[in-house]
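Source file: data31.txt (compact mmCIF, C-alpha atoms and all ligand atoms)
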```
# COMPACT_ATOMS: atom_id res chain seq x y z
CA MET G 10 0.00 0.00 0.00
CA VAL G 11 2.83 2.36 0.90
CA GLU G 12 4.54 1.36 -2.34
CA LEU G 13 1.38 1.93 -4.33
CA HIS G 14 0.99 5.41 -2.87
CA ALA G 15 4.63 6.18 -3.71
CA LEU G 16 4.02 5.07 -7.29
CA LEU G 17 0.95 7.28 -7.59
CA LEU G 18 2.78 10.21 -6.01
CA LYS G 19 5.55 9.89 -8.58
CA ALA G 20 2.99 10.15 -11.41
CA ALA G 21 1.11 13.01 -9.73
CA ARG G 22 4.34 14.99 -9.24
CA PHE G 23 5.24 14.39 -12.87
CA GLU G 24 1.89 15.80 -13.98
CA VAL G 25 1.95 18.82 -11.66
CA ASN G 26 5.48 19.58 -12.84
CA ARG G 27 4.48 19.37 -16.47
CA ARG G 28 1.75 21.92 -15.89
CA ARG G 29 3.75 24.26 -13.66
CA ALA G 30 3.53 27.02 -16.26
CA SER G 31 -0.29 27.06 -15.99
CA LEU G 32 -0.01 27.74 -12.23
CA PRO G 33 2.29 30.78 -12.00
CA HIS G 34 0.65 32.02 -8.78
CA LEU G 35 1.38 28.83 -6.79
CA ARG G 36 4.41 28.27 -4.56
CA GLY G 37 6.49 25.11 -4.36
CA ASP G 38 4.56 23.88 -1.30
CA ASP G 39 1.27 24.29 -3.15
CA HIS G 40 2.57 22.13 -5.99
CA GLU G 41 3.54 19.43 -3.52
CA ASP G 42 0.13 19.66 -1.78
CA LEU G 43 -1.61 19.28 -5.11
CA ALA G 44 0.50 16.22 -5.94
CA GLN G 45 -0.13 14.67 -2.51
CA GLN G 46 -3.90 15.21 -2.73
CA SER G 47 -3.91 13.76 -6.23
CA ALA G 48 -2.01 10.68 -5.07
CA ASP G 49 -4.42 10.22 -2.11
CA ASP G 50 -7.48 10.46 -4.38
CA ALA G 51 -5.88 8.22 -6.99
CA LEU G 52 -5.14 5.61 -4.31
CA LEU G 53 -8.83 5.45 -3.43
CA ALA G 54 -9.76 5.21 -7.11
CA VAL G 55 -7.23 2.44 -7.74
CA LEU G 56 -8.32 0.43 -4.69
CA GLY G 57 -11.94 0.78 -5.78
CA LYS G 58 -11.17 -0.47 -9.27
CA LEU G 59 -8.65 -3.23 -8.52
CA GLY G 60 -11.19 -5.80 -9.66
CA GLU G 61 -11.22 -4.22 -13.10
CA PHE G 62 -7.49 -4.64 -13.69
CA ARG G 63 -7.28 -7.38 -16.31
CA GLY G 64 -3.53 -7.47 -16.81
CA GLU G 65 -3.73 -6.03 -20.32
CA SER G 66 -0.92 -3.67 -19.41
CA ARG G 67 1.65 -3.57 -16.64
CA PHE G 68 0.08 -2.81 -13.27
CA THR G 69 2.21 0.32 -12.88
CA THR G 70 0.98 1.72 -16.22
CA TRP G 71 -2.61 1.02 -15.22
CA ALA G 72 -2.14 2.69 -11.82
CA TYR G 73 -0.29 5.69 -13.24
CA LYS G 74 -3.24 6.73 -15.37
CA PHE G 75 -5.40 7.24 -12.28
CA ALA G 76 -2.82 9.55 -10.71
CA LEU G 77 -2.30 11.49 -13.94
CA LEU G 78 -6.05 11.95 -14.32
CA GLU G 79 -6.49 13.16 -10.73
CA ALA G 80 -3.53 15.53 -10.96
CA GLY G 81 -4.46 16.82 -14.43
CA VAL G 82 -8.03 17.61 -13.36
CA LYS G 83 -6.88 19.28 -10.14
CA VAL G 84 -4.29 21.42 -11.91
CA ARG G 85 -6.75 22.60 -14.56
CA ARG G 86 -9.37 23.44 -11.95
CA ARG G 87 -6.80 25.26 -9.82
CA ALA G 88 -5.60 27.25 -12.83
CA TRP G 89 -9.19 28.40 -13.41
CA GLN G 90 -10.04 29.08 -9.78
CA GLY G 91 -11.69 32.48 -9.41
CA ARG G 92 -11.86 32.91 -13.15
CA GLU G 93 -15.19 33.22 -14.95
CA VAL G 94 -15.98 31.04 -17.94
CA PRO G 95 -15.89 33.46 -20.92
CA LEU G 96 -19.20 34.60 -22.37
CA GLU G 97 -20.47 33.30 -25.69
CA ASP G 98 -19.91 36.78 -27.15
CA GLU G 99 -16.17 36.25 -26.93
CA ALA G 100 -16.52 33.22 -29.16
CA TRP G 101 -18.30 35.24 -31.84
CA ALA G 102 -15.26 37.53 -31.90
CA VAL G 103 -13.00 34.48 -32.34
CA LEU G 104 -15.10 33.36 -35.31
CA ALA G 105 -15.18 36.85 -36.82
CA ASP G 106 -11.38 37.06 -36.58
CA ALA G 107 -10.98 33.69 -38.24
CA ARG G 108 -13.33 34.74 -41.03
CA ARG G 109 -11.45 37.98 -41.64
CA GLY G 110 -8.16 36.07 -41.59
CA VAL G 111 -9.19 33.94 -44.54
CA SER G 112 -11.14 36.61 -46.41
CA GLY G 113 -9.18 35.78 -49.58
CA GLU G 114 -10.29 32.15 -49.48
CA ALA G 115 -13.97 32.24 -50.33
CA GLU G 116 -14.69 28.60 -49.55
CA THR G 117 -13.17 28.60 -46.05
CA ARG G 118 -14.63 32.02 -45.27
CA ASP G 119 -18.12 30.86 -46.27
CA LEU G 120 -17.74 27.69 -44.24
CA ILE G 121 -16.78 29.61 -41.10
CA GLU G 122 -19.67 31.99 -41.62
CA ALA G 123 -22.11 29.10 -42.04
CA LEU G 124 -20.59 27.40 -39.01
CA GLY G 125 -21.35 30.45 -36.86
CA GLU G 126 -24.93 30.56 -38.15
CA GLU G 127 -25.49 26.87 -37.44
CA ILE G 128 -24.00 27.15 -33.95
CA GLU G 129 -26.74 29.69 -33.26
CA ARG G 130 -29.51 27.94 -35.14
CA SER G 131 -29.04 24.16 -34.98
CA LEU G 132 -27.89 23.56 -31.42
CA SER G 133 -29.82 23.47 -28.16
CA ALA G 134 -28.81 26.12 -25.59
CA HIS G 135 -26.88 23.50 -23.59
CA GLN G 136 -25.12 22.10 -26.66
CA ARG G 137 -24.17 25.61 -27.74
CA ALA G 138 -22.84 26.55 -24.30
CA VAL G 139 -20.65 23.44 -24.13
CA LEU G 140 -19.38 23.64 -27.71
CA VAL G 141 -18.59 27.35 -27.49
CA ALA G 142 -16.83 27.07 -24.14
CA VAL G 143 -14.70 24.04 -24.98
CA THR G 144 -13.88 24.59 -28.66
CA LEU G 145 -13.86 28.38 -29.09
CA ASN G 146 -13.15 29.80 -25.64
CA ASP G 147 -10.65 27.10 -24.62
CA VAL G 148 -12.29 26.27 -21.29
CA PRO G 149 -10.96 22.89 -20.09
CA ILE G 150 -13.81 20.37 -20.15
CA ASP G 151 -13.05 19.35 -16.53
CA VAL G 152 -13.41 22.97 -15.40
CA LEU G 153 -16.72 23.31 -17.22
CA ALA G 154 -17.91 20.02 -15.72
CA GLU G 155 -17.17 21.32 -12.22
CA ARG G 156 -19.06 24.58 -12.85
CA LEU G 157 -22.07 22.80 -14.35
CA GLY G 158 -22.11 19.96 -11.81
CA SER G 159 -21.49 17.49 -14.63
CA SER G 160 -18.70 15.15 -15.71
CA ARG G 161 -16.11 15.07 -18.48
CA GLY G 162 -17.82 12.09 -20.09
CA ALA G 163 -21.30 13.64 -20.05
CA LEU G 164 -20.11 16.98 -21.44
CA TYR G 165 -18.06 15.29 -24.14
CA LYS G 166 -21.17 13.36 -25.17
CA THR G 167 -23.01 16.69 -25.48
CA LEU G 168 -20.10 18.11 -27.49
CA HIS G 169 -20.06 15.05 -29.72
CA ASP G 170 -23.81 15.34 -30.43
CA ALA G 171 -23.42 19.07 -31.14
CA ARG G 172 -20.60 18.38 -33.63
CA ARG G 173 -22.72 15.75 -35.42
CA LYS G 174 -25.57 18.24 -35.69
CA LEU G 175 -23.26 20.95 -37.08
CA ARG G 176 -21.75 18.57 -39.62
CA ALA G 177 -25.20 17.45 -40.76
CA ALA G 178 -26.46 21.05 -41.02
CA LEU G 179 -23.39 22.12 -43.00
CA ALA G 180 -23.67 19.09 -45.30
CA GLU G 181 -27.27 20.04 -45.99
CA ARG G 182 -26.05 23.47 -47.06
CA GLY G 183 -23.60 21.88 -49.49
CA PHE G 184 -20.38 22.04 -47.48
CA ASP G 185 -18.31 18.88 -47.71
CA THR G 186 -16.82 18.54 -44.24
CA ALA G 187 -15.88 14.90 -44.92
CA GLU G 188 -13.68 15.99 -47.85
CA ARG G 189 -12.02 18.47 -45.47
CA ASP G 190 -11.22 15.63 -43.02
CA ARG G 191 -9.55 13.68 -45.81
CA SER G 192 -7.48 16.62 -47.00
CA GLU G 193 -6.39 17.31 -43.39
CA GLN G 194 -5.04 13.78 -43.16
CA ARG G 195 -3.15 14.03 -46.45
CA MET J 25 -0.28 37.93 -38.08
CA SER J 26 0.82 36.30 -41.33
CA GLN J 27 -1.50 34.75 -43.88
CA ALA J 28 -0.19 31.31 -42.97
CA ASP J 29 -1.06 31.91 -39.29
CA ASP J 30 -4.56 33.02 -40.28
CA ARG J 31 -5.02 29.83 -42.26
CA ILE J 32 -3.86 27.72 -39.31
CA ASP J 33 -6.27 29.63 -37.05
CA ALA J 34 -9.20 28.93 -39.35
CA ALA J 35 -8.21 25.29 -39.72
CA ARG J 36 -7.84 24.94 -35.95
CA ILE J 37 -11.27 26.44 -35.32
CA LEU J 38 -12.89 24.15 -37.87
CA ALA J 39 -11.10 21.12 -36.46
CA ARG J 40 -12.10 21.95 -32.91
CA THR J 41 -15.73 22.84 -33.55
CA LEU J 42 -16.48 20.03 -36.00
CA GLY J 43 -14.33 17.39 -34.29
CA PRO J 44 -13.11 14.15 -35.85
CA GLY J 45 -15.29 12.76 -38.61
CA GLY J 46 -15.23 9.05 -37.93
CA PRO J 47 -16.44 6.84 -35.09
CA GLU J 48 -14.71 7.44 -31.78
CA LEU J 49 -14.56 6.13 -28.23
CA SER J 50 -16.26 7.90 -25.33
CA CYS J 51 -14.13 9.44 -22.55
CA GLU J 52 -14.90 6.45 -20.30
CA GLU J 53 -13.85 3.95 -22.98
CA CYS J 54 -10.76 6.03 -23.69
CA PHE J 55 -9.69 5.92 -20.04
CA ALA J 56 -10.34 2.18 -19.85
CA GLU J 57 -8.07 1.52 -22.85
CA LEU J 58 -5.44 4.21 -22.25
CA ASP J 59 -2.81 2.05 -20.49
CA ARG J 60 -2.98 -0.74 -23.08
CA TYR J 61 -2.93 1.77 -25.95
CA VAL J 62 0.13 3.64 -24.67
CA GLU J 63 2.07 0.42 -24.08
CA LEU J 64 1.31 -0.69 -27.64
CA GLU J 65 2.48 2.70 -28.93
CA LEU J 66 5.72 2.53 -26.95
CA ALA J 67 6.32 -1.02 -28.20
CA GLY J 68 5.93 0.21 -31.77
CA ALA J 69 2.90 -2.08 -32.22
CA ASP J 70 -0.30 -1.28 -34.10
CA ALA J 71 -2.01 0.64 -31.29
CA ASP J 72 -4.64 2.18 -33.58
CA GLY J 73 -5.51 -1.17 -35.13
CA SER J 74 -5.88 -2.70 -31.66
CA VAL J 75 -7.93 0.13 -30.16
CA PRO J 76 -10.14 1.51 -32.94
CA GLY J 77 -11.68 4.91 -32.24
CA MET J 78 -8.95 5.95 -29.79
CA ARG J 79 -7.01 8.17 -32.23
CA ALA J 80 -10.22 9.96 -33.23
CA HIS J 81 -11.22 10.52 -29.61
CA LEU J 82 -7.82 11.97 -28.76
CA ALA J 83 -8.17 14.32 -31.73
CA GLY J 84 -11.60 15.44 -30.52
CA CYS J 85 -11.17 15.56 -26.74
CA PRO J 86 -8.50 17.95 -25.42
CA ALA J 87 -8.73 16.58 -21.85
CA CYS J 88 -8.18 12.92 -22.76
CA ASP J 89 -5.52 14.01 -25.25
CA GLU J 90 -3.58 15.64 -22.40
CA ASP J 91 -3.94 12.55 -20.20
CA HIS J 92 -2.63 10.48 -23.09
CA ARG J 93 0.39 12.74 -23.61
CA SER J 94 1.12 12.66 -19.90
CA LEU J 95 1.10 8.86 -19.69
CA LEU J 96 3.25 8.64 -22.79
CA GLY J 97 5.64 11.20 -21.29
CA LEU J 98 5.80 9.54 -17.88
CA LEU J 99 6.53 6.08 -19.30
CA GLY J 100 8.92 7.50 -21.87
CA ASP J 101 10.81 9.20 -19.03
CA GLY J 102 11.68 5.78 -17.61
ZN ZN M 201 -12.35 12.32 -23.66
```
Turn this file's structure into structure tokens for me.
Ligand SMILES: [Zn+2]
Amino acid sequence: MVELHALLLKAARFEVNRRRASLPHLRGDDHEDLAQQSADDALLAVLGKLGEFRGESRFTTWAYKFALLEAGVKVRRRAWQGREVPLEDEAWAVLADARRGVSGEAETRDLIEALGEEIERSLSAHQRAVLVAVTLNDVPIDVLAERLGSSRGALYKTLHDARRKLRAALAERGFDTAERDRSEQR
Amino acid sequence: MSQADDRIDAARILARTLGPGGPELSCEECFAELDRYVELELAGADADGSVPGMRAHLAGCPACDEDHRSLLGLLGDG
């Protein structure tokens, strides 16, 4: 058990260290506290899920992911503490900038314009709020989940449904988003 | 900002708002498979063939993508 906690603490420290730049206002002690809390929470998660370990990877790899998840979520939430989620209006400015930036490329400009219209028209209020926050205003999904009393998985499902709706609406208007996917991969 | 930057901006916005095109795992499925997937990647095996839908989810979900990079980084560190 002591060994398991040490293993989780190593992963949590690694994660907190990686994200140090996103926490400029924290001191060294705060980083260590965050890592310790993450390791404690990860230990509970690991013990609760031991029965699900099927040996498809090394045990250490399996355990590490719980500590990285706990630490990653805690760091993102700490980085956003006391900060408001940006308003939807800020996202419209992001879209307008992008449209102006490609004003010479009619096809992309039209697509971005249509995208903005469909975000307003085709999505439910909840779908729009989630899509705008996560994809245009760069709010971490774990931070949004905390504010909305939801979970990463549930919000991602909402985002996924919203994206499907947007793709379908744009396809109906003659935009070939599937062709765009293929050319991205090339 | 240069024209090339503008184009990247527009492409990034489209990629983020529209997400990956194909079928993808959920966040829960992604977490369940993450350890196996990363070990396959580090072994140079066909991780994407073994865990279909993972690559697409990582492209669409910034949070799981970061967890994936972290696990890869931690194991790669030794
Ligand atoms: Zn995810």
Test item: residues no farther than 10 Å from ligand ZN 201 (chain M), counting only C-alpha atoms and all ligand atoms, as a tab-separated table (two decimals) with C-alpha atoms, in the coordinates of the input:
```
chain	number	residue	atom	x	y	z
G	150	ILE	CA	-13.81	20.37	-20.15
G	161	ARG	CA	-16.11	15.07	-18.48
G	162	GLY	CA	-17.82	12.09	-20.09
G	163	ALA	CA	-21.30	13.64	-20.05
G	164	LEU	CA	-20.11	16.98	-21.44
G	165	TYR	CA	-18.06	15.29	-24.14
G	166	LYS	CA	-21.17	13.36	-25.17
J	48	GLU	CA	-14.71	7.44	-31.78
J	49	LEU	CA	-14.56	6.13	-28.23
J	50	SER	CA	-16.26	7.90	-25.33
J	51	CYS	CA	-14.13	9.44	-22.55
J	52	GLU	CA	-14.90	6.45	-20.30
J	53	GLU	CA	-13.85	3.95	-22.98
J	54	CYS	CA	-10.76	6.03	-23.69
J	55	PHE	CA	-9.69	5.92	-20.04
J	78	MET	CA	-8.95	5.95	-29.79
J	81	HIS	CA	-11.22	10.52	-29.61
J	82	LEU	CA	-7.82	11.97	-28.76
J	83	ALA	CA	-8.17	14.32	-31.73
J	84	GLY	CA	-11.60	15.44	-30.52
J	85	CYS	CA	-11.17	15.56	-26.74
J	86	PRO	CA	-8.50	17.95	-25.42
J	87	ALA	CA	-8.73	16.58	-21.85
J	88	CYS	CA	-8.18	12.92	-22.76
J	89	ASP	CA	-5.52	14.01	-25.25
J	90	GLU	CA	-3.58	15.64	-22.40
J	91	ASP	CA	-3.94	12.55	-20.20
J	92	HIS	CA	-2.63	10.48	-23.09
```
CA of Leu132 (chain G) to CA of Ala171 (chain G), distance in Å rounded to a single decimal: 6.3 Å
Residues of chain G were defined as contacting chain J if any atom lay at most 9 Å from it, counting all atoms listed in the file; please report them as number ranges by chain. G: 20, 23-24, 27, 65-67, 70-75, 77-78, 81-82, 103-104, 106-111, 117-118, 120-121, 124, 140-141, 143-145, 149-151, 161-163, 165-166, 168-169, 171-173, 175-176, 186-187, 190, 193
So what do you get for CA of Glu155 (chain G) versus CA of Gly125 (chain G), distance-wise? 26.6 Å
Excluding same-chain residues fewer than 5 positions from Ala51 (chain G), what lies within 8 Å of it counting all atoms listed in the file, as a PDB file with C-alpha atoms, in the frame of the given file?
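For reference, around11.pdb as written:
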```pdb
ATOM      1  CA  LEU G  17       0.950   7.280  -7.590  1.00  0.00           C
ATOM      2  CA  PHE G  75      -5.400   7.240 -12.280  1.00  0.00           C
ATOM      3  CA  ALA G  76      -2.820   9.550 -10.710  1.00  0.00           C
ATOM      4  CA  GLU G  79      -6.490  13.160 -10.730  1.00  0.00           C
TER       5      GLU G  79
END
```
In Å, how far is it from CA of Ala180 (chain G) to CA of Pro47 (chain J)?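 Pair CA of Ala180 (chain G) / CA of Pro47 (chain J) returns 17.5 Å.
Checking G:Ala134, G:Val55, G:Lys83, G:Lys174 one by one against Thr69 (chain G), counting only C-alpha atoms, you find the shortest gap at G:Val55.
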